[in-house]
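Q: Next up, coords.cif (mmCIF, C-alpha atoms).
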data_structure
loop_
_atom_site.label_atom_id
_atom_site.label_comp_id
_atom_site.auth_asym_id
_atom_site.auth_seq_id
_atom_site.Cartn_x
_atom_site.Cartn_y
_atom_site.Cartn_z
CA MET A 1 -51.88 52.13 10.29
CA LYS A 2 -49.87 51.09 7.24
CA LEU A 3 -46.53 49.26 7.39
CA SER A 4 -44.23 47.81 4.74
CA PHE A 5 -41.83 44.92 5.27
CA ASP A 6 -39.21 45.01 2.54
CA SER A 7 -36.38 43.22 4.35
CA ALA A 8 -35.89 39.53 5.06
CA ILE A 9 -36.01 40.26 8.79
CA THR A 10 -37.93 43.16 10.33
CA ILE A 11 -37.63 44.14 13.99
CA ILE A 12 -40.46 46.21 15.45
CA CYS A 13 -39.21 48.14 18.48
CA GLY A 14 -41.22 50.26 20.92
CA GLU A 15 -42.45 50.84 24.46
CA ASN A 16 -44.94 48.55 26.17
CA ASN A 17 -48.50 48.97 24.84
CA ALA A 18 -47.20 50.65 21.68
CA GLY A 19 -49.01 48.07 19.54
CA LYS A 20 -46.09 45.78 18.65
CA THR A 21 -47.87 42.53 19.46
CA SER A 22 -51.08 43.78 17.81
CA LEU A 23 -49.16 44.21 14.55
CA LEU A 24 -47.97 40.61 14.69
CA GLU A 25 -51.46 39.47 15.57
CA ALA A 26 -52.92 41.25 12.54
CA ILE A 27 -50.43 39.52 10.21
CA TYR A 28 -51.06 36.14 11.84
CA LEU A 29 -54.82 36.59 11.56
CA THR A 30 -54.65 37.12 7.78
CA SER A 31 -53.09 33.65 7.47
CA ASN A 32 -54.79 31.62 10.18
CA LEU A 33 -58.00 33.65 10.65
CA LYS A 34 -57.56 33.54 14.42
CA SER A 35 -55.45 35.13 17.13
CA PHE A 36 -52.24 33.45 18.27
CA LYS A 37 -53.35 34.35 21.82
CA GLY A 38 -56.20 31.87 21.60
CA VAL A 39 -58.90 34.51 22.21
CA PRO A 40 -62.12 34.67 20.12
CA ASN A 41 -61.92 37.01 17.13
CA ALA A 42 -64.87 39.00 18.48
CA GLU A 43 -62.70 40.05 21.42
CA LEU A 44 -60.21 41.63 19.01
CA ILE A 45 -62.76 44.27 18.08
CA ARG A 46 -62.31 47.49 20.04
CA SER A 47 -65.02 48.22 22.58
CA SER A 48 -65.75 51.51 20.78
CA SER A 49 -66.30 49.73 17.46
CA ASN A 50 -68.19 46.77 16.02
CA ILE A 51 -65.80 45.81 13.22
CA PHE A 52 -62.17 45.37 12.24
CA LYS A 53 -60.61 45.22 8.78
CA ILE A 54 -57.16 44.02 7.74
CA SER A 55 -55.72 44.31 4.24
CA LEU A 56 -52.39 42.60 3.53
CA ASN A 57 -50.43 42.79 0.28
CA PHE A 58 -47.65 40.28 -0.28
CA MET A 59 -45.44 39.07 -3.10
CA GLN A 60 -44.67 35.45 -3.84
CA ASN A 61 -42.63 34.27 -6.85
CA SER A 62 -42.85 37.83 -8.25
CA LEU A 63 -46.66 37.76 -8.11
CA LYS A 64 -48.52 40.37 -6.07
CA SER A 65 -51.50 39.20 -4.03
CA ASN A 66 -53.91 40.63 -1.46
CA ILE A 67 -55.74 39.14 1.51
CA PHE A 68 -58.64 41.08 3.02
CA VAL A 69 -60.23 40.08 6.33
CA GLU A 70 -63.30 41.76 7.80
CA LYS A 71 -64.82 40.75 11.11
CA THR A 72 -67.97 42.09 12.75
CA LEU A 73 -69.69 40.83 15.88
CA LYS A 74 -71.97 38.72 13.69
CA SER A 75 -70.11 37.85 10.49
CA SER A 76 -66.76 37.41 8.77
CA LYS A 77 -65.44 38.04 5.26
CA ILE A 78 -62.27 36.55 3.76
CA LEU A 79 -61.11 37.59 0.30
CA TYR A 80 -58.06 36.54 -1.69
CA ASN A 81 -57.47 38.85 -4.64
CA ASP A 82 -61.06 40.08 -4.25
CA GLU A 83 -62.55 36.57 -4.36
CA LYS A 84 -64.01 34.58 -1.46
CA SER A 85 -61.62 32.09 0.05
CA THR A 86 -61.43 29.48 2.82
CA LYS A 87 -59.23 29.12 5.88
CA SER A 88 -57.35 26.10 4.52
CA ASP A 89 -56.67 27.84 1.19
CA ILE A 90 -55.47 31.04 2.85
CA SER A 91 -53.12 29.16 5.20
CA LEU A 92 -51.36 27.63 2.18
CA LEU A 93 -51.36 30.78 0.05
CA PHE A 94 -49.91 32.90 2.87
CA PRO A 95 -48.48 30.50 5.50
CA CYS A 96 -47.61 32.09 8.79
CA TYR A 97 -46.27 30.65 12.07
CA SER A 98 -45.92 32.35 15.44
CA LEU A 99 -43.38 32.08 18.22
CA VAL A 100 -44.63 33.84 21.33
CA PHE A 101 -42.89 33.58 24.68
CA GLY A 102 -44.95 33.56 27.86
CA PHE A 103 -48.57 32.58 27.51
CA ASN A 104 -48.21 29.95 24.78
CA ASN A 105 -44.58 28.85 24.93
CA ILE A 106 -44.51 25.42 23.28
CA LEU A 107 -41.81 24.03 25.59
CA LEU A 108 -43.29 25.23 28.89
CA ASN A 109 -46.96 24.49 28.23
CA ASP A 110 -48.69 21.11 28.07
CA SER A 111 -48.24 18.60 25.25
CA SER A 112 -51.25 19.88 23.27
CA TYR A 113 -49.20 22.93 22.24
CA ARG A 114 -46.42 20.73 20.89
CA ARG A 115 -48.86 18.45 19.04
CA ASP A 116 -50.40 21.54 17.45
CA PHE A 117 -46.89 22.69 16.48
CA ILE A 118 -46.28 19.34 14.76
CA ASP A 119 -49.72 19.18 13.14
CA THR A 120 -49.72 22.69 11.63
CA GLY A 121 -46.41 21.94 9.91
CA MET A 122 -47.57 18.44 8.97
CA PHE A 123 -50.77 19.72 7.31
CA HIS A 124 -48.69 22.06 5.12
CA VAL A 125 -46.18 19.40 4.10
CA GLU A 126 -48.65 16.53 3.71
CA PRO A 127 -52.22 17.91 3.21
CA GLU A 128 -53.73 14.38 3.22
CA SER A 129 -52.75 14.08 6.89
CA ARG A 130 -55.58 16.45 7.80
CA LYS A 131 -58.12 13.81 6.80
CA SER A 132 -56.42 11.23 9.01
CA PHE A 133 -56.40 13.75 11.84
CA ASN A 134 -60.14 14.42 11.50
CA VAL A 135 -60.96 10.69 11.34
CA PHE A 136 -58.90 9.97 14.45
CA GLU A 137 -60.50 12.83 16.39
CA LYS A 138 -63.99 11.59 15.47
CA VAL A 139 -63.28 7.97 16.44
CA LEU A 140 -61.54 8.96 19.68
CA LYS A 141 -64.45 11.19 20.66
CA GLN A 142 -66.93 8.36 20.09
CA ARG A 143 -64.87 5.83 22.05
CA ASN A 144 -64.46 8.26 24.94
CA PHE A 145 -68.22 8.86 24.93
CA LEU A 146 -68.86 5.12 25.25
CA LEU A 147 -66.29 4.83 28.05
CA LYS A 148 -67.67 7.77 29.98
CA SER A 149 -71.29 6.62 29.63
CA LYS A 150 -70.29 2.99 30.34
CA LYS A 151 -71.87 1.75 27.10
CA TYR A 152 -69.51 -1.08 26.27
CA ASP A 153 -71.66 -3.15 23.87
CA SER A 154 -70.22 -1.64 20.68
CA ILE A 155 -66.83 -0.59 21.98
CA ASP A 156 -64.99 -3.44 20.18
CA LEU A 157 -66.07 -1.94 16.85
CA TRP A 158 -64.70 1.47 17.83
CA ASP A 159 -61.53 -0.11 19.18
CA ARG A 160 -60.78 -1.54 15.75
CA GLN A 161 -61.46 1.80 14.09
CA LEU A 162 -59.32 3.60 16.66
CA ILE A 163 -56.37 1.26 16.08
CA ASP A 164 -56.47 1.92 12.35
CA ALA A 165 -56.95 5.69 12.73
CA ASN A 166 -54.27 5.93 15.41
CA ASN A 167 -51.67 4.10 13.33
CA LYS A 168 -52.32 6.20 10.22
CA LEU A 169 -52.14 9.55 12.04
CA SER A 170 -49.11 8.50 14.07
CA GLU A 171 -47.31 7.49 10.89
CA TYR A 172 -47.88 10.98 9.45
CA ARG A 173 -46.74 12.65 12.68
CA GLU A 174 -43.60 10.57 13.03
CA SER A 175 -42.70 11.04 9.37
CA TYR A 176 -43.01 14.82 9.69
CA PHE A 177 -41.03 14.79 12.93
CA LYS A 178 -38.13 13.02 11.20
CA TYR A 179 -37.92 15.88 8.68
CA LEU A 180 -38.15 18.41 11.51
CA LYS A 181 -35.43 16.67 13.52
CA ASN A 182 -33.10 16.48 10.50
CA HIS A 183 -33.41 20.21 9.85
CA PHE A 184 -33.05 20.93 13.58
CA SER A 185 -29.78 18.96 13.65
CA THR A 186 -28.55 20.70 10.50
CA ILE A 187 -29.08 24.11 12.14
CA ILE A 188 -27.23 22.99 15.28
CA GLU A 189 -24.27 21.80 13.19
CA SER A 190 -24.29 25.08 11.30
CA ILE A 191 -24.18 26.99 14.58
CA LYS A 192 -21.20 24.96 15.74
CA ASN A 193 -19.30 25.80 12.55
CA LYS A 194 -20.21 29.49 12.35
CA ILE A 195 -20.12 30.26 16.09
CA PRO A 196 -17.49 27.97 17.65
CA GLU A 197 -17.63 29.88 20.92
CA ILE A 198 -21.30 28.94 21.43
CA TYR A 199 -22.32 27.59 24.85
CA ASN A 200 -22.41 23.80 25.26
CA ASP A 201 -26.05 23.89 26.33
CA ILE A 202 -26.93 25.19 22.85
CA SER A 203 -24.56 23.03 20.79
CA SER A 204 -25.87 19.89 22.55
CA LEU A 205 -29.58 20.49 21.79
CA GLU A 206 -31.48 17.45 20.50
CA LEU A 207 -35.10 16.52 19.69
CA GLU A 208 -36.86 13.36 20.85
CA TYR A 209 -40.33 12.14 19.82
CA ILE A 210 -42.80 10.37 22.14
CA ASN A 211 -45.52 8.45 20.29
CA GLY A 212 -48.06 8.42 23.14
CA TRP A 213 -48.28 4.72 24.02
CA GLY A 214 -44.79 3.18 24.14
CA SER A 215 -42.77 0.66 22.19
CA ASP A 216 -45.40 -2.10 21.89
CA CYS A 217 -48.00 -2.32 19.12
CA PHE A 218 -50.88 0.06 19.75
CA ASP A 219 -53.54 -2.65 19.48
CA MET A 220 -51.81 -4.59 22.27
CA VAL A 221 -51.51 -1.48 24.46
CA LEU A 222 -55.16 -0.59 23.90
CA LYS A 223 -56.21 -4.08 24.97
CA GLN A 224 -53.94 -4.01 28.03
CA ASN A 225 -55.41 -0.67 29.10
CA GLN A 226 -59.05 -1.65 28.59
CA SER A 227 -59.86 -1.91 32.31
CA LYS A 228 -57.95 1.30 33.08
CA ASP A 229 -59.77 3.21 30.32
CA ARG A 230 -63.15 2.01 31.57
CA SER A 231 -62.26 3.11 35.07
CA LEU A 232 -61.01 6.53 33.90
CA GLY A 233 -63.81 7.05 31.38
CA TYR A 234 -61.46 8.00 28.54
CA THR A 235 -58.70 6.61 26.30
CA SER A 236 -55.44 6.93 28.19
CA ARG A 237 -52.93 5.92 25.48
CA GLY A 238 -52.56 6.80 21.82
CA THR A 239 -51.21 9.40 19.43
CA HIS A 240 -53.44 11.98 21.15
CA ARG A 241 -50.87 11.70 23.98
CA SER A 242 -47.88 12.11 21.66
CA ASP A 243 -45.27 14.71 22.50
CA PHE A 244 -41.68 15.75 21.87
CA ILE A 245 -38.97 17.05 24.14
CA VAL A 246 -35.90 19.17 23.59
CA THR A 247 -32.84 18.13 25.57
CA SER A 248 -29.66 20.02 26.38
CA LEU A 249 -26.66 18.10 27.70
CA GLY A 250 -29.00 15.10 27.93
CA LYS A 251 -31.63 16.80 30.11
CA PRO A 252 -35.01 18.33 29.14
CA VAL A 253 -34.64 22.06 28.48
CA ARG A 254 -37.95 22.85 30.15
CA GLU A 255 -36.65 21.42 33.44
CA SER A 256 -33.01 22.45 33.55
CA GLY A 257 -32.36 25.00 30.81
CA SER A 258 -31.67 28.69 31.32
CA MET A 259 -33.91 31.36 29.79
CA SER A 260 -31.38 31.83 26.96
CA THR A 261 -31.37 28.10 26.22
CA LEU A 262 -35.16 28.01 26.23
CA VAL A 263 -35.41 30.99 23.87
CA LEU A 264 -32.83 29.62 21.43
CA SER A 265 -34.41 26.14 21.53
CA CYS A 266 -37.79 27.57 20.54
CA LEU A 267 -36.21 29.67 17.80
CA ILE A 268 -34.26 26.77 16.29
CA ILE A 269 -37.35 24.51 16.29
CA ASN A 270 -39.30 27.17 14.41
CA LEU A 271 -36.48 27.78 11.93
CA ALA A 272 -36.41 24.02 11.30
CA LYS A 273 -40.18 24.10 10.74
CA ILE A 274 -39.99 26.81 8.08
CA ASN A 275 -37.09 24.97 6.41
CA VAL A 276 -39.20 21.79 6.14
CA PHE A 277 -41.94 23.87 4.51
CA HIS A 278 -39.41 25.47 2.15
CA VAL A 279 -38.16 22.09 0.91
CA LYS A 280 -41.74 21.05 0.12
CA HIS A 281 -43.07 24.25 -1.46
CA GLY A 282 -40.02 26.21 -2.64
CA PHE A 283 -40.68 29.30 -0.51
CA LYS A 284 -40.58 30.10 3.19
CA PRO A 285 -43.58 30.96 5.36
CA VAL A 286 -43.64 34.07 7.53
CA LEU A 287 -42.38 33.60 11.08
CA LEU A 288 -43.68 36.05 13.69
CA ILE A 289 -41.74 36.29 16.95
CA ASP A 290 -42.85 38.31 19.97
CA ASP A 291 -40.20 39.53 22.47
CA LEU A 292 -37.46 37.21 21.22
CA PHE A 293 -34.65 39.02 23.02
CA PHE A 294 -36.27 38.98 26.47
CA GLY A 295 -34.11 37.29 29.10
CA ILE A 296 -31.04 36.43 26.98
CA ASP A 297 -27.48 37.63 27.57
CA ASP A 298 -25.31 39.56 25.09
CA LYS A 299 -23.45 36.47 23.86
CA ASN A 300 -26.63 34.59 23.06
CA LEU A 301 -28.16 37.74 21.58
CA ARG A 302 -25.36 37.72 19.01
CA THR A 303 -26.09 34.04 18.40
CA VAL A 304 -29.76 34.86 17.83
CA VAL A 305 -28.90 37.58 15.32
CA LYS A 306 -26.55 35.26 13.41
CA LEU A 307 -29.24 32.57 13.37
CA LEU A 308 -31.82 35.00 12.01
CA VAL A 309 -29.49 36.27 9.30
CA HIS A 310 -28.43 32.75 8.34
CA SER A 311 -32.06 31.60 8.11
CA ARG A 312 -32.79 33.98 5.21
CA GLY A 313 -36.41 33.73 6.21
CA ASN A 314 -39.42 36.00 6.15
CA ILE A 315 -39.31 37.01 9.81
CA VAL A 316 -41.01 39.80 11.74
CA LEU A 317 -40.19 40.15 15.42
CA THR A 318 -40.76 42.59 18.25
CA ALA A 319 -38.43 43.96 20.91
CA PRO A 320 -38.86 46.43 23.79
CA ASN A 321 -37.17 49.83 23.64
CA ILE A 322 -34.42 48.78 26.07
CA TYR A 323 -32.82 46.92 23.14
CA LYS A 324 -33.20 49.79 20.66
CA LYS A 325 -29.59 51.06 20.68
CA ILE A 326 -28.18 47.53 20.48
CA LEU A 327 -30.51 46.65 17.63
CA GLU A 328 -29.72 49.84 15.73
CA LYS A 329 -26.06 48.83 15.75
CA VAL A 330 -26.94 45.25 14.78
CA CYS A 331 -29.03 46.46 11.83
CA GLU A 332 -26.17 48.70 10.65
CA GLU A 333 -23.89 45.66 10.59
CA ASN A 334 -26.44 43.34 8.94
CA GLN A 335 -28.26 44.63 5.86
CA GLU A 336 -30.76 41.76 6.04
CA LEU A 337 -32.26 43.32 9.18
CA LYS A 338 -34.48 46.39 9.31
CA LEU A 339 -35.61 48.21 12.46
CA ILE A 340 -39.01 49.90 12.65
CA ALA A 341 -39.77 52.04 15.71
CA VAL A 342 -43.41 52.38 16.81
CA GLY A 343 -45.00 54.50 19.52
CA GLU A 344 -45.20 58.12 20.54
CA ASN A 345 -41.49 58.89 20.20
CA SER A 346 -40.93 56.93 16.96
#
Would you mind writing the file out in structure tokens?
A:
Amino acid sequence: MKLSFDSAITIICGENNAGKTSLLEAIYLTSNLKSFKGVPNAELIRSSSNIFKISLNFMQNSLKSNIFVEKTLKSSKILYNDEKSTKSDISLLFPCYSLVFGFNNILLNDSSYRRDFIDTGMFHVEPESRKSFNVFEKVLKQRNFLLKSKKYDSIDLWDRQLIDANNKLSEYRESYFKYLKNHFSTIIESIKNKIPEIYNDISSLELEYINGWGSDCFDMVLKQNQSKDRSLGYTSRGTHRSDFIVTSLGKPVRESGSMSTLVLSCLIINLAKINVFHVKHGFKPVLLIDDLFFGIDDKNLRTVVKLLVHSRGNIVLTAPNIYKKILEKVCEENQELKLIAVGENS
């Protein structure tokens, strides 16, 4: 199958099992070299085959480029303009984020999803943060091994290393979050101005960061939790427990928000993320959104469309056929949007 995306925002519409999500997954894989579903790449190969190939052409700053990915059951090949490349290089050359509702919703799942959301953006904006991340993960793993195996003789040494690694990584994460929060707030203010009739639960959205150990110095908290950590067999406080929450009318969206509020919250966070990237690099990454319109009412659907148009981003999203007539009208009214129908009756 060959598809071209020549509009700022492309909507792929079709029946269930028409291949909409698979198209998004193929685009995501050319950037991140993995599925956004979290399944091994080998499982993406059809049972009747032993290989898959994806070729993606894209233009950036008027320059044409190509990414080619080939995966067999035993090997992988990644080429950028016909030359071998690495995962980290590809992710910067063709950055791509995903917003998928259901199985990996960042607001409904555990905090690891939200840390990954922060870290992927952070690595793009501040590449040096990846080194701090790797150091912290290594030190934390070693300390947890000593705690679990009850080998406490050298734990003071690892405590000192963990304090240093924790503070450096946390500083990167909090710095990135400040940028994210600023852009998030800017989008909310823009919504208030452009859509004055917007619901209060959307106009009151805010972001709050949780560092993972509290307001005291981390070295003090680590010392205070020494007995607890030895009892548990792992490190209970630190930036590996960091998180963020989205609130609406002062309450966490994941606990009290409607489906529409949840959907719009996730969308605005992702739009803020691509805006942070844009400020750093001068271009916007691709944002892939699966089933964005599911569960939202007509008023919020119009809000979503206005948000997408205002974002001026590189966005590809999917929608079931029940929205086809509405989306056809929306695309007629907004030239930035293009509708592509897939499936038997397309």
Q: If we count only C-alpha atoms and set the cut-off at 12 Å, which residues sit around segment 80-90 of chain A, ignoring sequence neighbours fewer than 5 positions away in its own chain? Please answer as an mmCIF file with C-alpha atoms, in the frame of the given file.
A:
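Output contents, as saved in part.cif:
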data_model
loop_
_atom_site.group_PDB
_atom_site.id
_atom_site.type_symbol
_atom_site.label_atom_id
_atom_site.label_comp_id
_atom_site.auth_asym_id
_atom_site.auth_seq_id
_atom_site.Cartn_x
_atom_site.Cartn_y
_atom_site.Cartn_z
ATOM 1 C CA TYR A 28 -51.060 36.140 11.840
ATOM 2 C CA LEU A 29 -54.820 36.590 11.560
ATOM 3 C CA THR A 30 -54.650 37.120 7.780
ATOM 4 C CA SER A 31 -53.090 33.650 7.470
ATOM 5 C CA ASN A 32 -54.790 31.620 10.180
ATOM 6 C CA LEU A 33 -58.000 33.650 10.650
ATOM 7 C CA LYS A 34 -57.560 33.540 14.420
ATOM 8 C CA SER A 55 -55.720 44.310 4.240
ATOM 9 C CA LEU A 56 -52.390 42.600 3.530
ATOM 10 C CA ASN A 57 -50.430 42.790 0.280
ATOM 11 C CA PHE A 58 -47.650 40.280 -0.280
ATOM 12 C CA LEU A 63 -46.660 37.760 -8.110
ATOM 13 C CA LYS A 64 -48.520 40.370 -6.070
ATOM 14 C CA SER A 65 -51.500 39.200 -4.030
ATOM 15 C CA ASN A 66 -53.910 40.630 -1.460
ATOM 16 C CA ILE A 67 -55.740 39.140 1.510
ATOM 17 C CA PHE A 68 -58.640 41.080 3.020
ATOM 18 C CA VAL A 69 -60.230 40.080 6.330
ATOM 19 C CA GLU A 70 -63.300 41.760 7.800
ATOM 20 C CA PRO A 95 -48.480 30.500 5.500
ATOM 21 C CA CYS A 96 -47.610 32.090 8.790
ATOM 22 C CA THR A 120 -49.720 22.690 11.630
ATOM 23 C CA PHE A 123 -50.770 19.720 7.310
ATOM 24 C CA HIS A 124 -48.690 22.060 5.120
ATOM 25 C CA PRO A 127 -52.220 17.910 3.210
ATOM 26 C CA ARG A 130 -55.580 16.450 7.800
#
Q: Just to confirm, what's the straight-line distance from atom CA of Gly238 of chain A to atom CA of Leu147 of chain A in Å (one decimal)?
A: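 About the pair atom CA of Gly238 of chain A and atom CA of Leu147 of chain A: they are 15.2 Å apart.
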Q: Point out the residue among A:Met122, A:Leu92, A:Asp6, A:Leu169 with the least atom-to-atom distance to Lys284 of chain A, counting only C-alpha atoms.
A: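 Under the stated criterion, the closest residue is A:Leu92.
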Q: So how far away is atom CA of Asp119 of chain A from atom CA of Phe218 of chain A, in Å?
A: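 Between atom CA of Phe218 of chain A and atom CA of Asp119 of chain A the gap works out to 20.3 Å.
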Q: Between A:Ser175, A:Gln226, A:Gln60, A:Ser265, which has the minimum distance to Tyr209 of chain A (counting all atoms listed in the file)?
A: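 Checking each candidate against Tyr209 of chain A, we get A:Ser175 as the closest.
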Q: Report, in Å with one decimal, the straight-line distance from atom CA of Asn16 of chain A to atom CA of Pro320 of chain A.
A: 6.9 Å
Q: I need the residue set behind the PyMOL selection byres ((chain A and resi 133) around 9) for this file; please write it as JSON, numbers by chain.
A: {"A": [119, 129, 130, 131, 132, 134, 135, 136, 137, 138, 165, 166, 168, 169]}
Q: For the structure shown, which residues end up in the PyMOL selection byres ((chain A and resi 202) around 8)? Put them as a PyMOL selection string, please?
A: chain A and resi 188+198-201+203-205+248+261+264-265
Q: Find the residues near Asn182 of chain A: any atom within 12 Å, counting only C-alpha atoms, skip ones fewer than 4 places away on the same chain, and give them as a list of chain:residue names.
A: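 Listing them by chain and then by number gives A:Ser175, A:Tyr176, A:Phe177, A:Lys178, A:Thr186, A:Ile187, A:Ile188, A:Glu189, A:Glu206, A:Leu207, A:Glu208, A:Ile268, A:Ile269, A:Leu271, A:Ala272, A:Lys273, A:Asn275, A:Val276.
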Q: From the set A:Ser7, A:Gly19, A:Asn225, A:Asp219, which residue has the shortest atom-to-atom contact distance to Val342 of chain A, counting only C-alpha atoms?
A: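 For Val342 of chain A, the nearest of the candidates is A:Gly19.
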Q: Which residue, A:Trp213, A:Phe277, A:Tyr152, A:Phe184, has the smallest gap to Glu126 of chain A when you use all atoms listed in the file?
A: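 Nearest candidate to Glu126 of chain A out of A:Trp213, A:Phe277, A:Tyr152, A:Phe184: A:Phe277.
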Q: For Thr21 of chain A, which of A:Leu107, A:Ala8, A:Leu317, A:Lys324 is the closest residue, counting only C-alpha atoms?
A: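 Smallest separation from Thr21 of chain A among the options: A:Leu317.
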Q: Counting all atoms listed in the file, select every polymer residue within 9 Å of (-38.3, 45.6, 10.0) as defined in the file's coordinates, and provide the selection as JSON, numbers by chain.
A: {"A": [4, 5, 6, 7, 8, 9, 10, 11, 12, 13, 315, 316, 317, 337, 338, 339, 340, 341]}
Q: Restricting the output to C-alpha atoms, write the selected residues as a PDB file, keeping the file's coordinate frame.
A:
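The result, written out as again_12.pdb:
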ATOM      1  CA  SER A   4     -44.230  47.810   4.740  1.00  0.00           C
ATOM      2  CA  PHE A   5     -41.830  44.920   5.270  1.00  0.00           C
ATOM      3  CA  ASP A   6     -39.210  45.010   2.540  1.00  0.00           C
ATOM      4  CA  SER A   7     -36.380  43.220   4.350  1.00  0.00           C
ATOM      5  CA  ALA A   8     -35.890  39.530   5.060  1.00  0.00           C
ATOM      6  CA  ILE A   9     -36.010  40.260   8.790  1.00  0.00           C
ATOM      7  CA  THR A  10     -37.930  43.160  10.330  1.00  0.00           C
ATOM      8  CA  ILE A  11     -37.630  44.140  13.990  1.00  0.00           C
ATOM      9  CA  ILE A  12     -40.460  46.210  15.450  1.00  0.00           C
ATOM     10  CA  CYS A  13     -39.210  48.140  18.480  1.00  0.00           C
ATOM     11  CA  ILE A 315     -39.310  37.010   9.810  1.00  0.00           C
ATOM     12  CA  VAL A 316     -41.010  39.800  11.740  1.00  0.00           C
ATOM     13  CA  LEU A 317     -40.190  40.150  15.420  1.00  0.00           C
ATOM     14  CA  LEU A 337     -32.260  43.320   9.180  1.00  0.00           C
ATOM     15  CA  LYS A 338     -34.480  46.390   9.310  1.00  0.00           C
ATOM     16  CA  LEU A 339     -35.610  48.210  12.460  1.00  0.00           C
ATOM     17  CA  ILE A 340     -39.010  49.900  12.650  1.00  0.00           C
ATOM     18  CA  ALA A 341     -39.770  52.040  15.710  1.00  0.00           C
TER      19      ALA A 341
END
Q: Using all atoms listed in the file, which residue out of A:Val221, A:Leu327, A:Leu262, A:Ile191 lies closest to Leu307 of chain A?
A: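 The closest residue to Leu307 of chain A is A:Ile191.
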Q: Please evaluate the PyMOL selection byres ((chain A and resi 292-303) around 7) against the displayed coordinates and give the resulting residues as a list in words.
A: Met259, Ser260, Ile289, Asp290, Asp291, Val304, Val305, Lys306, Leu307, Thr318 and Ala319 of chain A
Q: Grab all the atoms of segment 140-157 of chain A that the file lists, wrap them in a box along x, y and z, add 4 Å per side, and give me centre plus edge lengths in Å (one decimal) as lines of an AutoDock Vina configuration file.
A:
center_x = -66.7
center_y = 3.9
center_z = 23.6
size_x = 18.3
size_y = 22.6
size_z = 21.5
Q: For segment 116-130 of chain A, supply N, CA and C atoms and format the output as a PDB file, keeping the file's coordinate frame.
A:
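Printed below is part.pdb as written:
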ATOM      1  N   ASP A 116     -49.907  20.548  18.404  1.00  0.00           N
ATOM      2  CA  ASP A 116     -50.400  21.540  17.450  1.00  0.00           C
ATOM      3  C   ASP A 116     -49.246  22.072  16.598  1.00  0.00           C
ATOM      4  N   PHE A 117     -48.080  22.244  17.214  1.00  0.00           N
ATOM      5  CA  PHE A 117     -46.890  22.690  16.480  1.00  0.00           C
ATOM      6  C   PHE A 117     -46.536  21.678  15.390  1.00  0.00           C
ATOM      7  N   ILE A 118     -46.555  20.398  15.730  1.00  0.00           N
ATOM      8  CA  ILE A 118     -46.280  19.340  14.760  1.00  0.00           C
ATOM      9  C   ILE A 118     -47.355  19.315  13.676  1.00  0.00           C
ATOM     10  N   ASP A 119     -48.622  19.357  14.093  1.00  0.00           N
ATOM     11  CA  ASP A 119     -49.720  19.180  13.140  1.00  0.00           C
ATOM     12  C   ASP A 119     -49.826  20.321  12.137  1.00  0.00           C
ATOM     13  N   THR A 120     -49.611  21.575  12.580  1.00  0.00           N
ATOM     14  CA  THR A 120     -49.720  22.690  11.630  1.00  0.00           C
ATOM     15  C   THR A 120     -48.655  22.564  10.535  1.00  0.00           C
ATOM     16  N   GLY A 121     -47.452  22.162  10.915  1.00  0.00           N
ATOM     17  CA  GLY A 121     -46.410  21.940   9.910  1.00  0.00           C
ATOM     18  C   GLY A 121     -46.723  20.738   9.044  1.00  0.00           C
ATOM     19  N   MET A 122     -47.238  19.672   9.671  1.00  0.00           N
ATOM     20  CA  MET A 122     -47.570  18.440   8.970  1.00  0.00           C
ATOM     21  C   MET A 122     -48.656  18.675   7.913  1.00  0.00           C
ATOM     22  N   PHE A 123     -49.689  19.451   8.254  1.00  0.00           N
ATOM     23  CA  PHE A 123     -50.770  19.720   7.310  1.00  0.00           C
ATOM     24  C   PHE A 123     -50.240  20.444   6.066  1.00  0.00           C
ATOM     25  N   HIS A 124     -49.256  21.334   6.251  1.00  0.00           N
ATOM     26  CA  HIS A 124     -48.690  22.060   5.120  1.00  0.00           C
ATOM     27  C   HIS A 124     -47.840  21.159   4.237  1.00  0.00           C
ATOM     28  N   VAL A 125     -47.085  20.258   4.855  1.00  0.00           N
ATOM     29  CA  VAL A 125     -46.180  19.400   4.100  1.00  0.00           C
ATOM     30  C   VAL A 125     -46.911  18.218   3.472  1.00  0.00           C
ATOM     31  N   GLU A 126     -47.883  17.669   4.201  1.00  0.00           N
ATOM     32  CA  GLU A 126     -48.650  16.530   3.710  1.00  0.00           C
ATOM     33  C   GLU A 126     -50.139  16.801   3.941  1.00  0.00           C
ATOM     34  N   PRO A 127     -50.820  17.519   3.028  1.00  0.00           N
ATOM     35  CA  PRO A 127     -52.220  17.910   3.210  1.00  0.00           C
ATOM     36  C   PRO A 127     -53.165  16.743   3.514  1.00  0.00           C
ATOM     37  N   GLU A 128     -52.865  15.531   2.986  1.00  0.00           N
ATOM     38  CA  GLU A 128     -53.730  14.380   3.220  1.00  0.00           C
ATOM     39  C   GLU A 128     -53.785  14.001   4.705  1.00  0.00           C
ATOM     40  N   SER A 129     -52.784  14.419   5.467  1.00  0.00           N
ATOM     41  CA  SER A 129     -52.750  14.080   6.890  1.00  0.00           C
ATOM     42  C   SER A 129     -53.905  14.713   7.655  1.00  0.00           C
ATOM     43  N   ARG A 130     -54.451  15.796   7.125  1.00  0.00           N
ATOM     44  CA  ARG A 130     -55.580  16.450   7.800  1.00  0.00           C
ATOM     45  C   ARG A 130     -56.796  15.525   7.854  1.00  0.00           C
TER      46      ARG A 130
END
